[in-house]
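Peer 1: Quick one: the structure is below, questions incoming.
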Amino acid sequence: VQLVESGGGSAQVGGSLRLSCAVSGTSYSSGCVVWFRQFPGKEREGGAGLDSDGRPTYADSVKGRFIISRDDATSTLYLQLNDLKFDDTAMYHCALGASGLLPNGSRGKGTQVTVS
């Protein structure tokens, strides 16, 4: 199983980015998927998830600003980041399998988002 994130980069406060996560080696369409983030020197934080029925859940810190989606035809997960804030600066990871909004399965190495 391999997950590869992309789409991170630098953005200004109030800006937007779209993160992608290419999944290979497994079929994830029937399971839970999540995006979580790791802040420097801090605990990881769950961001957004899709349950096995495709229903989204968001952490309060990103609710109303981030949108999680997936394209089963291409085995790609997405996270649309809108209205970015300084506090969104982090390494963003996608993962298969979740406990709440935190990963309990395979995950990617992440893509860095820096908001200035």
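Letters A, B, ... go to the chains of the structure tokens in the order shown; residues in each chain start at 1; ligands are counted from 1 in the same order.
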For segment 61-75 of chain A, list every protein, DNA or RNA residue within 6 Å, evaluated using only C-alpha atoms, and leave out those in the same chain fewer than 6 positions away; present the list as an MDAnalysis selection string.
Peer 2: chainID A and resid 23 81:82
Peer 1: With N, CA and C atoms kept, could you save the residues just selected as a short mmCIF file (atom, residue, chain, number, x, y, z; two decimals), in the first residue's frame?
Peer 2:
```cif
data_model
loop_
_atom_site.label_atom_id
_atom_site.label_comp_id
_atom_site.auth_asym_id
_atom_site.auth_seq_id
_atom_site.Cartn_x
_atom_site.Cartn_y
_atom_site.Cartn_z
N VAL A 23 -3.51 6.95 -4.00
CA VAL A 23 -3.48 5.68 -3.28
C VAL A 23 -3.26 4.55 -4.26
N LEU A 81 -8.28 23.30 0.87
CA LEU A 81 -8.02 24.19 2.00
C LEU A 81 -8.38 25.61 1.58
N ASN A 82 -9.36 26.19 2.22
CA ASN A 82 -9.80 27.55 1.92
C ASN A 82 -9.62 28.45 3.14
#
```
Peer 1: Find the residues near segment 93-102 of chain A: any atom within 6 Å, counting only C-alpha atoms, skip ones fewer than 5 places away on the same chain, and give them as number ranges by chain.
Peer 2: A: 32-37, 46, 49, 107-108, 110
Peer 1: May I have all residues of chain A that DSSP, computed from the backbone, assigns to strand (DSSP E or B), given as a PyMOL selection string?
Peer 2: chain A and resi 2-6+9-11+17-24+33-38+44-50+56-58+66-71+76-81+90-96+98-99+102-103+107+111-115
Peer 1: Tell me which protein, DNA and RNA residues are within 7 Å of Phe86 of chain A, counting only C-alpha atoms, leaving out same-chain ones fewer than 2 positions away, and put them as a ChimeraX atom specification.
Peer 2: /A:13,84,88-89,115-116
Peer 1: Dump N, CA, C and O atoms for the selected residues as a PDB file, in the first residue's frame?
Peer 2:
```pdb
ATOM      1  N   VAL A  13      -2.355  34.187   3.947  1.00  0.00           N
ATOM      2  CA  VAL A  13      -3.555  34.139   4.780  1.00  0.00           C
ATOM      3  C   VAL A  13      -4.766  34.478   3.915  1.00  0.00           C
ATOM      4  O   VAL A  13      -4.737  35.436   3.136  1.00  0.00           O
ATOM      5  N   LEU A  84      -7.182  30.090   4.411  1.00  0.00           N
ATOM      6  CA  LEU A  84      -6.068  29.605   5.215  1.00  0.00           C
ATOM      7  C   LEU A  84      -5.656  30.607   6.280  1.00  0.00           C
ATOM      8  O   LEU A  84      -5.714  31.837   6.078  1.00  0.00           O
ATOM      9  N   ASP A  88      -2.680  27.074  10.215  1.00  0.00           N
ATOM     10  CA  ASP A  88      -2.811  25.900   9.340  1.00  0.00           C
ATOM     11  C   ASP A  88      -1.456  25.407   8.843  1.00  0.00           C
ATOM     12  O   ASP A  88      -1.380  24.369   8.180  1.00  0.00           O
ATOM     13  N   THR A  89      -0.406  26.148   9.146  1.00  0.00           N
ATOM     14  CA  THR A  89       0.932  25.723   8.741  1.00  0.00           C
ATOM     15  C   THR A  89       1.279  24.402   9.412  1.00  0.00           C
ATOM     16  O   THR A  89       1.300  24.301  10.638  1.00  0.00           O
ATOM     17  N   VAL A 115       1.656  28.868   5.606  1.00  0.00           N
ATOM     18  CA  VAL A 115       0.793  30.033   5.425  1.00  0.00           C
ATOM     19  C   VAL A 115       1.504  31.253   6.002  1.00  0.00           C
ATOM     20  O   VAL A 115       1.953  31.239   7.146  1.00  0.00           O
ATOM     21  N   SER A 116       1.599  32.279   5.211  1.00  0.00           N
ATOM     22  CA  SER A 116       2.287  33.484   5.680  1.00  0.00           C
ATOM     23  C   SER A 116       1.508  34.737   5.324  1.00  0.00           C
ATOM     24  O   SER A 116       0.532  34.652   4.560  1.00  0.00           O
TER      25      SER A 116
END
```
Peer 1: Find, counting only C-alpha atoms, the residue in A:Val1, A:Val113, A:Ala48, A:Ala59 that gets nearest to Lys85 of chain A.
Peer 2: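 The answer is A:Val113, which sits nearest to Lys85 of chain A.
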Peer 1: Would you list the contacts of Gly8 of chain A as a list in words, taking every protein, DNA or RNA residue within 9 Å and counting only C-alpha atoms, but skipping same-chain residues closer than 5 positions in sequence?
Peer 2: Leu17, Arg18, Leu19, Ser20, Met91, Tyr92, Gly110, Thr111, Gln112, Val113 and Thr114 of chain A
